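For reference, the structure is listed below as structure tokens.
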Amino acid sequence: MTDATATDLSKDAAATAAVALVEPGMRLGLGTGSTAVIFVRRLAQRAAAEGLALRCAATSKATAQLAASLGLRVEELDDIGWLDLTIDGADEVDPDLNLIKGGGAAHLREKIVAMASDRMVVIADQGKVVDRLGQFHLPVEVIPFGWQTTRKLITRALDALDLGQRPVLLRQRDNKPLLTDEGNLILDLALEAIPDPQALADRLSRIAGVVEHGLFLNICHVAIIGRPDGSVVELQREDFE
Ligand SMILES: O=C(CO)[C@H](O)[C@H](O)COP(=O)(O)O
């Protein structure tokens with residue numbers, strides 16, 4: 001089995017297990033990314049068979065489009081108001097269930113949706129589980145106005161934490177800057193390790209021009225980690241408030 005096949009099977013296992021958490025009538029947050037796509041597809045199959053009467057809020061235009069095309073009822077988050085459960089992927093999951101998210105440039109909406117949910121459940125393959133966050137690049141969404149100045153301020157914040165790396169503007173294949181669903185830019189931070197994620201999150205949040213970073217701290221309740229053989233392991237946070 002190739003690594004890619006093993007990863008796909010693991011994502012499928014995690015997404016399939018998460019579908020079982022969905023109860024009739026739930027208000028559901030739908031994540032973004034390849035694992036979330038599998039979840040949405042499997043959920044739509046179950047909803048079609050059982051008529052679950054779900055109300056869904058999506059974390060990206062792509063997910064909203066997919067879910068609606070599969071017959072799920074997709075509404076604006078503000079029209080639903082509050083969600084029972086959000087299921088989303090992640091780029092990294094640490095032992096405290098803190099996350100790096102935003103590999104799909106959707107972390108702003110993902111964080112809003114997750115924070116408007118009673119429970120956030122992450123679905124991921126084993127490769128996403130890390131001892132310490134930071135090997136995956138950390139995306140920071142910034143507004144286009146003065147973005148190069150914002151980048152300097154971020155660099156200064158990183159220097160203060162001895163994380164000195166120059167943020168890189170994320171571009172599309174045609175080399176144009178990638179724009180998020182909100183029309184903002186993404187600066188990618190290659191940090192290798194983040195000794196104190198809370199300190200970095202606090203610094204980034206204080207910078208004018210930063211809309212949101214991809215650190216999800218104390219937001220995820222459960223992580224379902226899939227394995228290539230179809231089994232899953234559930235990681236729980238004991239001390240979650
Ligand atoms: O945060 C995300 C998108 O912004 C994704 O959930 C994250 O990148 C994981 O993606 P995948 O399931 O494709 O590995």
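Identifiers in this document derive from the order of the structure tokens: chains are assigned A, B, ..., residues are numbered from 1 separately in each chain, and ligands are numbered from 1 in order of occurrence.
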task = Assign secondary structure with DSSP using the backbone only, and return the residues of segment 45-86 of chain A in strand (DSSP E or B) as a list in words.
result = Arg55, Cys56, Ala57, Ala58, Val74, Leu83, Asp84, Leu85 and Thr86 of chain A
Could the residues in this selection be written to a file with N, CA and C atoms, as a PDB file, in the first residue's frame?
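What ended up in selection29.pdb:
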ATOM      1  N   ARG A  55     -29.699  20.937   9.651  1.00  0.00           N
ATOM      2  CA  ARG A  55     -29.448  22.298   9.168  1.00  0.00           C
ATOM      3  C   ARG A  55     -27.942  22.488   9.214  1.00  0.00           C
ATOM      4  N   CYS A  56     -27.337  22.826   8.074  1.00  0.00           N
ATOM      5  CA  CYS A  56     -25.879  22.867   7.996  1.00  0.00           C
ATOM      6  C   CYS A  56     -25.359  24.267   7.703  1.00  0.00           C
ATOM      7  N   ALA A  57     -24.272  24.632   8.381  1.00  0.00           N
ATOM      8  CA  ALA A  57     -23.532  25.860   8.069  1.00  0.00           C
ATOM      9  C   ALA A  57     -22.164  25.422   7.565  1.00  0.00           C
ATOM     10  N   ALA A  58     -21.724  25.975   6.446  1.00  0.00           N
ATOM     11  CA  ALA A  58     -20.464  25.541   5.841  1.00  0.00           C
ATOM     12  C   ALA A  58     -19.335  26.504   6.192  1.00  0.00           C
ATOM     13  N   VAL A  74     -28.192  23.760   3.395  1.00  0.00           N
ATOM     14  CA  VAL A  74     -27.119  24.660   3.824  1.00  0.00           C
ATOM     15  C   VAL A  74     -27.701  26.048   4.034  1.00  0.00           C
ATOM     16  N   LEU A  83     -24.704  26.103  16.698  1.00  0.00           N
ATOM     17  CA  LEU A  83     -24.588  24.755  16.137  1.00  0.00           C
ATOM     18  C   LEU A  83     -24.401  23.720  17.245  1.00  0.00           C
ATOM     19  N   ASP A  84     -24.942  22.538  17.021  1.00  0.00           N
ATOM     20  CA  ASP A  84     -24.750  21.451  17.986  1.00  0.00           C
ATOM     21  C   ASP A  84     -23.362  20.837  17.847  1.00  0.00           C
ATOM     22  N   LEU A  85     -22.911  20.729  16.609  1.00  0.00           N
ATOM     23  CA  LEU A  85     -21.681  19.969  16.352  1.00  0.00           C
ATOM     24  C   LEU A  85     -21.026  20.482  15.078  1.00  0.00           C
ATOM     25  N   THR A  86     -19.707  20.629  15.117  1.00  0.00           N
ATOM     26  CA  THR A  86     -18.952  20.909  13.888  1.00  0.00           C
ATOM     27  C   THR A  86     -17.933  19.800  13.673  1.00  0.00           C
TER      28      THR A  86
END
inquiry  = Quick check for you: according to DSSP on this backbone, which residues of segment 39-218 of chain A are classed as alpha helix (DSSP H)? Reply as an MDAnalysis selection string.
reply    = chainID A and resid 39:50 61:69 77:80 107:115 147:160 197:205
Per residue of chain A within 10 Å of ligand 1, record the nearest atom pair and its distance in Å to one decimal, counting only C-alpha atoms and all ligand atoms, with rows in chain order and ascending residue number, as CSV.
residue,atom,partner,partner_atom_place_in_ligand_line,distance
A:Thr7,CA,ligand 1,14 (O),9.1
A:Asp8,CA,ligand 1,14 (O),9.4
A:Lys11,CA,ligand 1,12 (O),7.3
A:Ala15,CA,ligand 1,12 (O),9.6
A:Gly31,CA,ligand 1,6 (O),6.3
A:Thr32,CA,ligand 1,3 (C),4.9
A:Gly33,CA,ligand 1,13 (O),3.9
A:Ser34,CA,ligand 1,13 (O),3.6
A:Thr35,CA,ligand 1,12 (O),3.7
A:Ala36,CA,ligand 1,12 (O),5.9
A:Val37,CA,ligand 1,12 (O),7.8
A:Ile38,CA,ligand 1,12 (O),8.8
A:Phe39,CA,ligand 1,12 (O),9.8
A:Thr59,CA,ligand 1,4 (O),8.5
A:Ser60,CA,ligand 1,4 (O),8.5
A:Ile87,CA,ligand 1,6 (O),9.4
A:Asp88,CA,ligand 1,6 (O),5.5
A:Gly89,CA,ligand 1,6 (O),3.5
A:Ala90,CA,ligand 1,9 (C),4.1
A:Asp91,CA,ligand 1,9 (C),4.7
A:Glu92,CA,ligand 1,9 (C),8.2
A:Leu99,CA,ligand 1,1 (O),9.2
A:Ile100,CA,ligand 1,1 (O),7.4
A:Lys101,CA,ligand 1,1 (O),3.7
A:Gly102,CA,ligand 1,4 (O),3.2
A:Gly103,CA,ligand 1,8 (O),3.5
A:Gly104,CA,ligand 1,4 (O),3.5
A:Ala105,CA,ligand 1,4 (O),4.5
A:Ala106,CA,ligand 1,4 (O),3.8
A:His107,CA,ligand 1,4 (O),4.8
A:Leu108,CA,ligand 1,4 (O),8.2
A:Arg109,CA,ligand 1,4 (O),8.7
A:Glu110,CA,ligand 1,4 (O),7.0
A:Lys111,CA,ligand 1,1 (O),9.3
A:Val122,CA,ligand 1,6 (O),8.3
A:Ile123,CA,ligand 1,12 (O),7.7
A:Ala124,CA,ligand 1,12 (O),6.5
A:Asp125,CA,ligand 1,14 (O),7.8
A:Gly127,CA,ligand 1,14 (O),9.4
A:Lys128,CA,ligand 1,14 (O),8.1
A:Phe136,CA,ligand 1,8 (O),9.8
A:Pro139,CA,ligand 1,4 (O),9.0
A:Thr180,CA,ligand 1,4 (O),9.9
A:Gly214,CA,ligand 1,1 (O),7.8
A:Phe216,CA,ligand 1,1 (O),9.9
Could the residues in this selection be written to a file with N, CA and C atoms, as a compact mmCIF listing (two decimals), in the first residue's frame?
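out-v7.txt, written as the output of this step:
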# COMPACT_ATOMS: atom_id res chain seq x y z
N THR A 7 -3.10 7.09 3.56
CA THR A 7 -3.66 8.36 4.07
C THR A 7 -5.12 8.49 3.68
N ASP A 8 -5.44 8.16 2.43
CA ASP A 8 -6.83 8.25 1.96
C ASP A 8 -7.73 7.32 2.76
N LYS A 11 -8.27 8.80 6.22
CA LYS A 11 -9.22 9.91 6.20
C LYS A 11 -10.64 9.36 6.09
N ALA A 15 -13.65 10.02 8.75
CA ALA A 15 -14.87 10.70 8.29
C ALA A 15 -16.09 9.81 8.48
N GLY A 31 -16.87 21.25 7.81
CA GLY A 31 -15.51 21.74 7.62
C GLY A 31 -15.11 21.83 6.16
N THR A 32 -13.82 22.11 5.97
CA THR A 32 -13.25 22.29 4.62
C THR A 32 -11.99 21.41 4.50
N GLY A 33 -11.73 20.96 3.27
CA GLY A 33 -10.55 20.12 3.03
C GLY A 33 -10.96 18.73 2.57
N SER A 34 -9.97 17.91 2.25
CA SER A 34 -10.28 16.61 1.64
C SER A 34 -10.98 15.66 2.62
N THR A 35 -10.63 15.70 3.89
CA THR A 35 -11.29 14.80 4.86
C THR A 35 -12.73 15.27 5.09
N ALA A 36 -12.90 16.58 5.14
CA ALA A 36 -14.26 17.12 5.29
C ALA A 36 -15.12 16.79 4.08
N VAL A 37 -14.51 16.76 2.91
CA VAL A 37 -15.27 16.40 1.70
C VAL A 37 -15.81 14.96 1.82
N ILE A 38 -14.95 14.06 2.30
CA ILE A 38 -15.41 12.67 2.47
C ILE A 38 -16.56 12.64 3.47
N PHE A 39 -16.40 13.40 4.56
CA PHE A 39 -17.46 13.44 5.58
C PHE A 39 -18.77 13.93 4.98
N THR A 59 -18.10 25.99 6.20
CA THR A 59 -16.93 26.81 6.55
C THR A 59 -16.24 27.40 5.32
N SER A 60 -16.78 27.12 4.13
CA SER A 60 -16.20 27.70 2.91
C SER A 60 -17.25 27.65 1.81
N ILE A 87 -17.87 19.32 12.46
CA ILE A 87 -16.90 18.28 12.09
C ILE A 87 -15.97 18.90 11.04
N ASP A 88 -14.65 18.86 11.31
CA ASP A 88 -13.71 19.51 10.39
C ASP A 88 -12.38 18.75 10.42
N GLY A 89 -11.58 18.94 9.42
CA GLY A 89 -10.25 18.37 9.38
C GLY A 89 -9.26 19.25 10.11
N ALA A 90 -7.98 18.86 10.08
CA ALA A 90 -6.92 19.67 10.68
C ALA A 90 -5.60 19.34 10.01
N ASP A 91 -4.66 20.26 10.12
CA ASP A 91 -3.32 20.02 9.58
C ASP A 91 -2.40 19.43 10.63
N GLU A 92 -2.60 19.81 11.89
CA GLU A 92 -1.85 19.21 13.00
C GLU A 92 -2.76 19.15 14.23
N LEU A 99 -4.70 22.75 17.67
CA LEU A 99 -4.60 22.44 16.24
C LEU A 99 -3.88 23.53 15.48
N ILE A 100 -3.30 23.12 14.34
CA ILE A 100 -3.06 24.07 13.24
C ILE A 100 -4.07 23.73 12.17
N LYS A 101 -4.77 24.74 11.69
CA LYS A 101 -5.72 24.59 10.60
C LYS A 101 -5.48 25.70 9.58
N GLY A 102 -6.11 25.53 8.41
CA GLY A 102 -6.03 26.58 7.41
C GLY A 102 -5.24 26.20 6.18
N GLY A 103 -4.85 24.90 6.09
CA GLY A 103 -4.15 24.45 4.88
C GLY A 103 -4.97 24.69 3.63
N GLY A 104 -6.28 24.83 3.81
CA GLY A 104 -7.16 25.13 2.68
C GLY A 104 -7.56 26.60 2.66
N ALA A 105 -6.83 27.42 3.42
CA ALA A 105 -7.06 28.87 3.48
C ALA A 105 -8.47 29.23 3.97
N ALA A 106 -9.05 28.33 4.77
CA ALA A 106 -10.43 28.57 5.22
C ALA A 106 -10.52 28.74 6.74
N HIS A 107 -9.37 28.97 7.40
CA HIS A 107 -9.40 28.89 8.87
C HIS A 107 -10.23 29.99 9.53
N LEU A 108 -10.42 31.13 8.84
CA LEU A 108 -11.23 32.19 9.45
C LEU A 108 -12.67 31.71 9.65
N ARG A 109 -13.29 31.28 8.56
CA ARG A 109 -14.67 30.79 8.70
C ARG A 109 -14.71 29.53 9.55
N GLU A 110 -13.66 28.70 9.43
CA GLU A 110 -13.64 27.46 10.23
C GLU A 110 -13.63 27.77 11.72
N LYS A 111 -12.88 28.80 12.10
CA LYS A 111 -12.81 29.12 13.53
C LYS A 111 -14.13 29.72 14.02
N VAL A 122 -12.64 16.93 15.38
CA VAL A 122 -11.69 16.90 14.26
C VAL A 122 -11.59 15.49 13.71
N ILE A 123 -11.54 15.40 12.39
CA ILE A 123 -11.33 14.12 11.72
C ILE A 123 -10.02 14.22 10.94
N ALA A 124 -9.14 13.22 11.15
CA ALA A 124 -7.82 13.33 10.52
C ALA A 124 -7.16 11.98 10.43
N ASP A 125 -6.16 11.91 9.56
CA ASP A 125 -5.34 10.70 9.48
C ASP A 125 -4.20 10.79 10.50
N GLY A 127 -1.11 10.87 10.34
CA GLY A 127 0.00 11.78 10.02
C GLY A 127 -0.19 13.18 10.58
N LYS A 128 -1.40 13.51 11.01
CA LYS A 128 -1.66 14.85 11.53
C LYS A 128 -1.36 14.97 13.03
N PHE A 136 3.90 21.95 10.34
CA PHE A 136 3.08 22.43 9.22
C PHE A 136 3.11 23.96 9.26
N PRO A 139 -0.87 29.37 8.71
CA PRO A 139 -1.43 30.44 7.89
C PRO A 139 -1.99 31.57 8.74
N THR A 180 -8.77 34.63 -0.02
CA THR A 180 -9.68 33.78 0.74
C THR A 180 -11.12 34.08 0.35
N GLY A 214 -4.13 30.50 12.14
CA GLY A 214 -4.61 29.11 12.08
C GLY A 214 -4.39 28.30 13.34
N PHE A 216 -5.75 26.87 16.55
CA PHE A 216 -7.04 26.62 17.21
C PHE A 216 -6.71 26.07 18.60
- Leaving out Val142 of chain A and any residue of its chain fewer than 2 positions from it, which residues lie within 10 Å of it when counting only C-alpha atoms, given as a list of chain:residue names? A:Pro139, A:Val140, A:Pro144, A:Phe145, A:Gly146, A:Trp147, A:Gln148, A:Thr150, A:Arg151, A:Thr180, A:Gly183, A:Asn184, A:Leu185, A:Ile186, A:Leu187, A:Ile207, A:Ala208, A:Gly209, A:Val210, A:Val211, A:Glu212, A:His213
Written selection (C-alpha atoms) as an mmCIF file, in the first residue's frame:
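What landed in result-v7.cif:
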data_model
loop_
_atom_site.group_PDB
_atom_site.id
_atom_site.type_symbol
_atom_site.label_atom_id
_atom_site.label_comp_id
_atom_site.auth_asym_id
_atom_site.auth_seq_id
_atom_site.Cartn_x
_atom_site.Cartn_y
_atom_site.Cartn_z
ATOM 1 C CA PRO A 139 -1.425 30.439 7.887
ATOM 2 C CA VAL A 140 -2.299 33.970 8.933
ATOM 3 C CA PRO A 144 -4.966 43.412 1.599
ATOM 4 C CA PHE A 145 -4.577 47.037 2.767
ATOM 5 C CA GLY A 146 -0.982 47.532 3.934
ATOM 6 C CA TRP A 147 -0.284 43.803 3.924
ATOM 7 C CA GLN A 148 3.464 44.285 3.546
ATOM 8 C CA THR A 150 1.407 43.808 8.438
ATOM 9 C CA ARG A 151 4.031 41.274 7.335
ATOM 10 C CA THR A 180 -9.676 33.775 0.741
ATOM 11 C CA GLY A 183 -11.143 38.497 -0.173
ATOM 12 C CA ASN A 184 -8.148 38.572 2.158
ATOM 13 C CA LEU A 185 -4.543 37.365 1.751
ATOM 14 C CA ILE A 186 -2.725 34.534 3.488
ATOM 15 C CA LEU A 187 0.779 34.859 4.942
ATOM 16 C CA ILE A 207 -1.443 43.014 15.190
ATOM 17 C CA ALA A 208 -3.649 45.387 13.188
ATOM 18 C CA GLY A 209 -4.312 43.896 9.770
ATOM 19 C CA VAL A 210 -4.288 40.304 11.036
ATOM 20 C CA VAL A 211 -7.788 38.933 10.684
ATOM 21 C CA GLU A 212 -7.166 35.433 12.063
ATOM 22 C CA HIS A 213 -4.387 32.870 12.454
#
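Between atom CA of Asp196 of chain A and atom CA of Leu163 of chain A there is a distance of 10.5 Å.
Distance check against Val129 of chain A using only C-alpha atoms: of A:Gly51, A:Pro177, A:Gly164, A:Gly226, the minimum falls on A:Gly226.
You will find atom CA of Val40 of chain A at 19.8 Å from atom CA of Thr5 of chain A.
One distance worth recording is that between atom CA of Arg42 of chain A and atom CA of Glu182 of chain A, which is 27.8 Å.
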One residue among A:Ala18, A:Leu30, A:Ala49, A:Ala199 is nearest to Gln65 of chain A when using only C-alpha atoms, and that residue is A:Leu30
